[in-house]
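Heads up, the thing below is written out as structure tokens.
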Amino acid sequence: MGEDTATAGIDAALEKHRTELTGYCYRMLGSSFEAEDAVQDTLVRAWRGHERFEGRSSLRSWLYRIATNVCLDMLAAGGKRARPMDLTDATPLARAALSPRPDHTWLEPVPDARVLPAVADPAEAAVAKESIRLAFMAALQRLPPRQRAVLILREVLAWRASEVAELLDTSVASVNSALQRARATLAERAAAGGAGEVSDPLDEEQQRLLERYVKAFEGYDMAALTALLHEDAVMTMPPFDLWLRGPADITGFMSTIGASCAASRLVPVRANGLPAFAHYKPDPDSGGFSPWAVQVLELSAGRITGFHCFLDTPRWFPLFGLPLRLEAEPDGGEERE
């Protein structure tokens, strides 16, 4: 009985760190599913090695050391996850073609609840959300893995340079140098734009913008949608590498190749610290609505600047805890779950 109690205590002590470790591994890897695999591996290694843990550091620090090593091993094979605009130029609507690339190519979305632990400090919560937004995640992917770890630990998690040096078995000078180089890379990316400005919580203007967006999208009103899009707005659709820039090409695509999305339904979710929606498309064969995409929106200056549609619904909808179908109501409406 005593051994069972001790085992349960170890399990509970490890498990309470799962969410923050998942956030760390997600920032390192750019993949929701790889992050969960990395955390599971971390907790298993910690459980097996718990008797050898002598308390020379905190349990949290020890877990981050294991998680960092797991992520660095996973990243050793190379390859950086990306957004479509990181790989190709924008395609004019007249040449639009839907060419998929393998899953491991793409930066993946993540539900906020999977990676953002509850914290009491609003400033700390805001930094955590900003650090999982798509533009920041894409910038992280440009960093070498150890620079990435240093930047996340120092800038996002607010570790001291000495703590990071101990975790990475290196010197404080090396940590500071890596941080300086990582900051320079991120500053270059920020100068290129595209990050958006999203309040936390959303301010009244942003709330109204989203309400207008839902009305325009569900009504498939391209004139109304055009009025909501920034002149340099981008639309992406992983796993396809096609991406479009500007309201004319975006709404042109939606009213031609994407015309089957008319009369869709949107269900709000939270992804990557940004407003997002589960997009259900009408199912002409069986009625009701079937999953089509998780949409993640970037906003700035009262307009939508990024419209990112992640189409692999067999993976994303279960991850977000979303139903795989919305039924139509008898009066012709729909039942929102």
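Labels used: A, B, ... for chains in the order of the structure tokens, numbers from 1 for residues in each chain, and numbers from 1 for ligands as shown.
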Identify all residues of region 83-279 of chain A in helix (DSSP H, G or I) (DSSP on the backbone) and supply them as JSON, numbers by chain. {"A": [84, 85, 86, 87, 93, 94, 95, 103, 104, 105, 112, 113, 114, 115, 122, 123, 124, 125, 126, 127, 128, 129, 130, 134, 135, 136, 137, 138, 139, 140, 145, 146, 147, 148, 149, 150, 151, 152, 153, 154, 155, 156, 161, 162, 163, 164, 165, 166, 167, 168, 172, 173, 174, 175, 176, 177, 178, 179, 180, 181, 182, 183, 184, 185, 186, 187, 188, 189, 190, 191, 204, 205, 206, 207, 208, 209, 210, 211, 212, 213, 214, 215, 216, 217, 218, 222, 223, 224, 225, 226, 227, 228, 247, 248, 249, 250, 251, 252, 253, 254, 259, 260, 261]}
Closest-contact table, region 37-89 of chain A side, partner region 7-22 of chain A, 9 Å, counting only C-alpha atoms, as a Markdown table:
```
| residue | atom | partner | partner_atom | distance |
| --- | --- | --- | --- | --- |
| A:Ala38 | CA | A:Thr22 | CA | 8.0 |
| A:Val39 | CA | A:Thr22 | CA | 6.0 |
| A:Gln40 | CA | A:Arg18 | CA | 8.5 |
| A:Thr42 | CA | A:Leu21 | CA | 8.9 |
| A:Leu43 | CA | A:Leu14 | CA | 6.6 |
| A:Ala46 | CA | A:Leu14 | CA | 7.9 |
| A:Trp47 | CA | A:Ile10 | CA | 7.3 |
| A:His50 | CA | A:Ile10 | CA | 8.1 |
| A:Leu59 | CA | A:Leu14 | CA | 8.3 |
| A:Arg60 | CA | A:His17 | CA | 7.4 |
| A:Leu63 | CA | A:Leu21 | CA | 8.1 |
| A:Tyr64 | CA | A:Leu21 | CA | 7.2 |
| A:Ala67 | CA | A:Leu21 | CA | 7.4 |
```
Between CA of Thr105 (chain A) and CA of Pro238 (chain A), what distance in Å does the model show, to one decimal? 9.2 Å
At a cut-off of 12 Å, can you tabulate as a tab-separated table every residue of region 157-201 of chain A near region 207-213 of chain A together with its closest atom pair and the distance in Å to one decimal, using only C-alpha atoms and ordering rows by chain then number?
```
residue	atom	partner	partner_atom	distance
A:Val198	CA	A:Gln207	CA	10.5
A:Ser199	CA	A:Gln207	CA	10.1
A:Asp200	CA	A:Gln207	CA	11.3
A:Pro201	CA	A:Gln207	CA	9.5
```
Please dump the current selection as a PDB file, in the first residue's frame; keep N, CA and C atoms.
```pdb
ATOM      1  N   VAL A 198      -3.277  41.375 -31.432  1.00  0.00           N
ATOM      2  CA  VAL A 198      -4.484  40.806 -30.838  1.00  0.00           C
ATOM      3  C   VAL A 198      -4.457  41.070 -29.340  1.00  0.00           C
ATOM      4  N   SER A 199      -5.472  41.784 -28.847  1.00  0.00           N
ATOM      5  CA  SER A 199      -5.539  42.080 -27.418  1.00  0.00           C
ATOM      6  C   SER A 199      -5.912  40.824 -26.639  1.00  0.00           C
ATOM      7  N   ASP A 200      -5.572  40.838 -25.365  1.00  0.00           N
ATOM      8  CA  ASP A 200      -5.928  39.716 -24.494  1.00  0.00           C
ATOM      9  C   ASP A 200      -6.485  40.281 -23.193  1.00  0.00           C
ATOM     10  N   PRO A 201      -7.806  40.216 -22.968  1.00  0.00           N
ATOM     11  CA  PRO A 201      -8.804  39.653 -23.890  1.00  0.00           C
ATOM     12  C   PRO A 201      -9.062  40.579 -25.070  1.00  0.00           C
TER      13      PRO A 201
END
```
Give me, as a ChimeraX atom specification, the residues of region 193-327 of chain A that a backbone DSSP run labels strand (DSSP E). /A:229-237,240-245,265-271,274-282,289-300,303-310
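Candidate residues A:Ile257, A:Leu229, A:Pro111, A:Pro122 were compared for distance to Leu322 (chain A), and the nearest is A:Pro111, using only C-alpha atoms.
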Nearest to Lys215 (chain A), restricted to only C-alpha atoms and choosing among A:Gly246, A:Ala178, A:Ala328, A:Leu266, comes out as A:Leu266
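The residue that comes closest to Met237 (chain A), out of A:Arg315, A:Arg325, A:Arg101, A:Arg48 and on the basis of only C-alpha atoms, is A:Arg101.
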Extract, using only C-alpha atoms, all DNA, RNA and protein residues at most 8 Å from Gly23 (chain A), discarding same-chain residues fewer than 4 positions from it, and format them as a PyMOL selection string. chain A and resi 19+27+35+114-116
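You will find CA of His104 (chain A) at 8.3 Å from CA of Ser31 (chain A).
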Tell me which protein, DNA and RNA residues are within 12 Å of Gly252 (chain A), counting only C-alpha atoms, leaving out same-chain ones fewer than 2 positions away, and put them as a PyMOL selection string. chain A and resi 92-94+96+220-223+225-226+235+244-250+254-259
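Using only C-alpha atoms, the smallest distance between any of A:Ala227, A:Leu107, A:Val214, A:Ala184 and His308 (chain A) comes from A:Leu107.
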Distance table requested - region 89-114 of chain A against region 135-153 of chain A, cut-off 10 Å, only C-alpha atoms: one row per qualifying residue with the closest atom pair and its distance in Å to one decimal, ordered by chain and rising residue number, as CSV.
```
residue,atom,partner,partner_atom,distance
A:Trp106,CA,A:Ala138,CA,9.8
A:Leu107,CA,A:Ala138,CA,7.1
A:Glu108,CA,A:Met137,CA,9.5
A:Pro109,CA,A:Met137,CA,9.9
```
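Across the structure, CA of Leu75 (chain A) and CA of Leu29 (chain A) are spaced 7.4 Å apart.
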Near Lys129 (chain A), within 7 Å and counting only C-alpha atoms, which residues show up once chain neighbours fewer than 3 positions away are dropped, as a PDB file with all heavy atoms, in the first residue's frame?
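File written: out-v4.pdb
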```
ATOM      1  N   ALA A 125       0.634  35.745 -18.403  1.00  0.00           N
ATOM      2  CA  ALA A 125      -0.302  35.061 -19.297  1.00  0.00           C
ATOM      3  C   ALA A 125      -0.233  35.642 -20.705  1.00  0.00           C
ATOM      4  O   ALA A 125      -0.293  34.918 -21.709  1.00  0.00           O
ATOM      5  CB  ALA A 125      -1.722  35.165 -18.742  1.00  0.00           C
ATOM      6  N   ALA A 126      -0.106  36.983 -20.801  1.00  0.00           N
ATOM      7  CA  ALA A 126      -0.035  37.635 -22.111  1.00  0.00           C
ATOM      8  C   ALA A 126       1.214  37.220 -22.863  1.00  0.00           C
ATOM      9  O   ALA A 126       1.170  36.941 -24.069  1.00  0.00           O
ATOM     10  CB  ALA A 126      -0.075  39.152 -21.942  1.00  0.00           C
ATOM     11  N   ILE A 132       2.956  31.717 -28.508  1.00  0.00           N
ATOM     12  CA  ILE A 132       2.480  30.577 -29.301  1.00  0.00           C
ATOM     13  C   ILE A 132       1.745  31.034 -30.553  1.00  0.00           C
ATOM     14  O   ILE A 132       1.188  30.212 -31.287  1.00  0.00           O
ATOM     15  CB  ILE A 132       1.583  29.626 -28.474  1.00  0.00           C
ATOM     16  CG1 ILE A 132       0.338  30.345 -27.954  1.00  0.00           C
ATOM     17  CG2 ILE A 132       2.367  28.953 -27.356  1.00  0.00           C
ATOM     18  CD1 ILE A 132      -0.743  29.399 -27.416  1.00  0.00           C
ATOM     19  N   ARG A 133       1.713  32.360 -30.810  1.00  0.00           N
ATOM     20  CA  ARG A 133       1.041  32.850 -32.007  1.00  0.00           C
ATOM     21  C   ARG A 133       1.805  32.409 -33.250  1.00  0.00           C
ATOM     22  O   ARG A 133       3.018  32.211 -33.216  1.00  0.00           O
ATOM     23  CB  ARG A 133       0.859  34.362 -31.926  1.00  0.00           C
ATOM     24  CG  ARG A 133      -0.192  34.701 -30.873  1.00  0.00           C
ATOM     25  CD  ARG A 133      -0.416  36.175 -30.683  1.00  0.00           C
ATOM     26  NE  ARG A 133      -1.419  36.367 -29.620  1.00  0.00           N
ATOM     27  CZ  ARG A 133      -1.662  37.505 -29.027  1.00  0.00           C
ATOM     28  NH1 ARG A 133      -0.986  38.592 -29.381  1.00  0.00           N
ATOM     29  NH2 ARG A 133      -2.589  37.595 -28.082  1.00  0.00           N
ATOM     30  N   ASN A 272      -3.584  28.916 -30.591  1.00  0.00           N
ATOM     31  CA  ASN A 272      -2.369  29.722 -30.709  1.00  0.00           C
ATOM     32  C   ASN A 272      -2.524  31.140 -30.156  1.00  0.00           C
ATOM     33  O   ASN A 272      -1.967  32.099 -30.701  1.00  0.00           O
ATOM     34  CB  ASN A 272      -1.913  29.771 -32.171  1.00  0.00           C
ATOM     35  CG  ASN A 272      -1.426  28.415 -32.647  1.00  0.00           C
ATOM     36  OD1 ASN A 272      -2.211  27.593 -33.091  1.00  0.00           O
ATOM     37  ND2 ASN A 272      -0.133  28.174 -32.523  1.00  0.00           N
ATOM     38  N   GLY A 273      -3.310  31.273 -29.089  1.00  0.00           N
ATOM     39  CA  GLY A 273      -3.496  32.581 -28.486  1.00  0.00           C
ATOM     40  C   GLY A 273      -4.219  33.556 -29.382  1.00  0.00           C
ATOM     41  O   GLY A 273      -4.161  34.768 -29.160  1.00  0.00           O
TER      42      GLY A 273
END
```
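Residues lying within 8 Å of Pro282 (chain A), counting only C-alpha atoms and ignoring same-chain neighbours fewer than 2 positions away, are Ser260, Cys261, Ala262, Ala263, Ser264, Tyr280, Pro284, Gly287, Gly288, Phe289 and Ser290 of chain A.
Using only C-alpha atoms, the smallest distance between any of A:Glu298, A:Glu124, A:Glu218, A:Glu166 and Glu197 (chain A) comes from A:Glu298.
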Find the residues near Pro268 (chain A): any atom within 10 Å, counting only C-alpha atoms, skip ones fewer than 6 places away on the same chain, and give them as a PyMOL selection string. chain A and resi 210+214+275-279+294-295
Atoms to include: all heavy atoms. Write the selected residues as a tab-separated table (two decimals), in the first residue's frame.
```tsv
chain	number	residue	atom	x	y	z
A	210	LEU	N	-14.85	40.28	-35.32
A	210	LEU	CA	-15.10	38.84	-35.42
A	210	LEU	C	-16.58	38.56	-35.66
A	210	LEU	O	-16.93	37.65	-36.43
A	210	LEU	CB	-14.62	38.13	-34.16
A	210	LEU	CG	-13.11	38.11	-33.94
A	210	LEU	CD1	-12.79	37.38	-32.64
A	210	LEU	CD2	-12.38	37.47	-35.11
A	214	VAL	N	-17.95	36.46	-38.87
A	214	VAL	CA	-18.80	35.27	-38.84
A	214	VAL	C	-20.04	35.49	-39.72
A	214	VAL	O	-20.43	34.62	-40.51
A	214	VAL	CB	-19.21	34.93	-37.39
A	214	VAL	CG1	-20.29	33.84	-37.38
A	214	VAL	CG2	-17.99	34.48	-36.59
A	275	PRO	N	-7.92	34.36	-32.01
A	275	PRO	CA	-9.29	33.94	-32.31
A	275	PRO	C	-9.29	32.90	-33.41
A	275	PRO	O	-8.52	32.99	-34.38
A	275	PRO	CB	-9.97	35.24	-32.75
A	275	PRO	CG	-8.87	36.16	-33.14
A	275	PRO	CD	-7.67	35.78	-32.32
A	276	ALA	N	-10.15	31.91	-33.28
A	276	ALA	CA	-10.17	30.82	-34.25
A	276	ALA	C	-11.58	30.24	-34.32
A	276	ALA	O	-12.41	30.47	-33.43
A	276	ALA	CB	-9.17	29.73	-33.86
A	277	PHE	N	-11.82	29.49	-35.37
A	277	PHE	CA	-13.14	28.89	-35.59
A	277	PHE	C	-12.98	27.49	-36.17
A	277	PHE	O	-12.10	27.24	-36.99
A	277	PHE	CB	-13.98	29.73	-36.56
A	277	PHE	CG	-14.29	31.11	-36.06
A	277	PHE	CD1	-13.47	32.18	-36.38
A	277	PHE	CD2	-15.39	31.33	-35.24
A	277	PHE	CE1	-13.74	33.45	-35.91
A	277	PHE	CE2	-15.67	32.60	-34.76
A	277	PHE	CZ	-14.85	33.66	-35.10
A	278	ALA	N	-13.87	26.60	-35.73
A	278	ALA	CA	-14.05	25.33	-36.42
A	278	ALA	C	-15.02	25.56	-37.56
A	278	ALA	O	-16.13	26.05	-37.35
A	278	ALA	CB	-14.59	24.28	-35.46
A	279	HIS	N	-14.58	25.24	-38.76
A	279	HIS	CA	-15.38	25.49	-39.96
A	279	HIS	C	-16.03	24.18	-40.40
A	279	HIS	O	-15.36	23.20	-40.71
A	279	HIS	CB	-14.44	26.03	-41.06
A	279	HIS	CG	-15.08	26.17	-42.41
A	279	HIS	ND1	-14.36	26.46	-43.54
A	279	HIS	CD2	-16.37	26.05	-42.82
A	279	HIS	CE1	-15.16	26.51	-44.58
A	279	HIS	NE2	-16.38	26.25	-44.16
A	294	VAL	N	-9.91	24.09	-39.37
A	294	VAL	CA	-9.75	24.98	-38.22
A	294	VAL	C	-9.16	26.27	-38.75
A	294	VAL	O	-8.07	26.27	-39.33
A	294	VAL	CB	-8.84	24.37	-37.13
A	294	VAL	CG1	-8.51	25.42	-36.07
A	294	VAL	CG2	-9.52	23.17	-36.48
A	295	GLN	N	-9.90	27.35	-38.62
A	295	GLN	CA	-9.46	28.67	-39.10
A	295	GLN	C	-8.81	29.42	-37.93
A	295	GLN	O	-9.41	29.52	-36.86
A	295	GLN	CB	-10.63	29.50	-39.61
A	295	GLN	CG	-11.42	28.92	-40.76
A	295	GLN	CD	-12.56	29.85	-41.15
A	295	GLN	OE1	-12.76	30.92	-40.57
A	295	GLN	NE2	-13.33	29.43	-42.16
```
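Among the candidate residues A:Ser99, A:Asp232, A:Glu36, A:Pro239, the one lying nearest to Arg81 (chain A) is A:Pro239, with distances computed using only C-alpha atoms.
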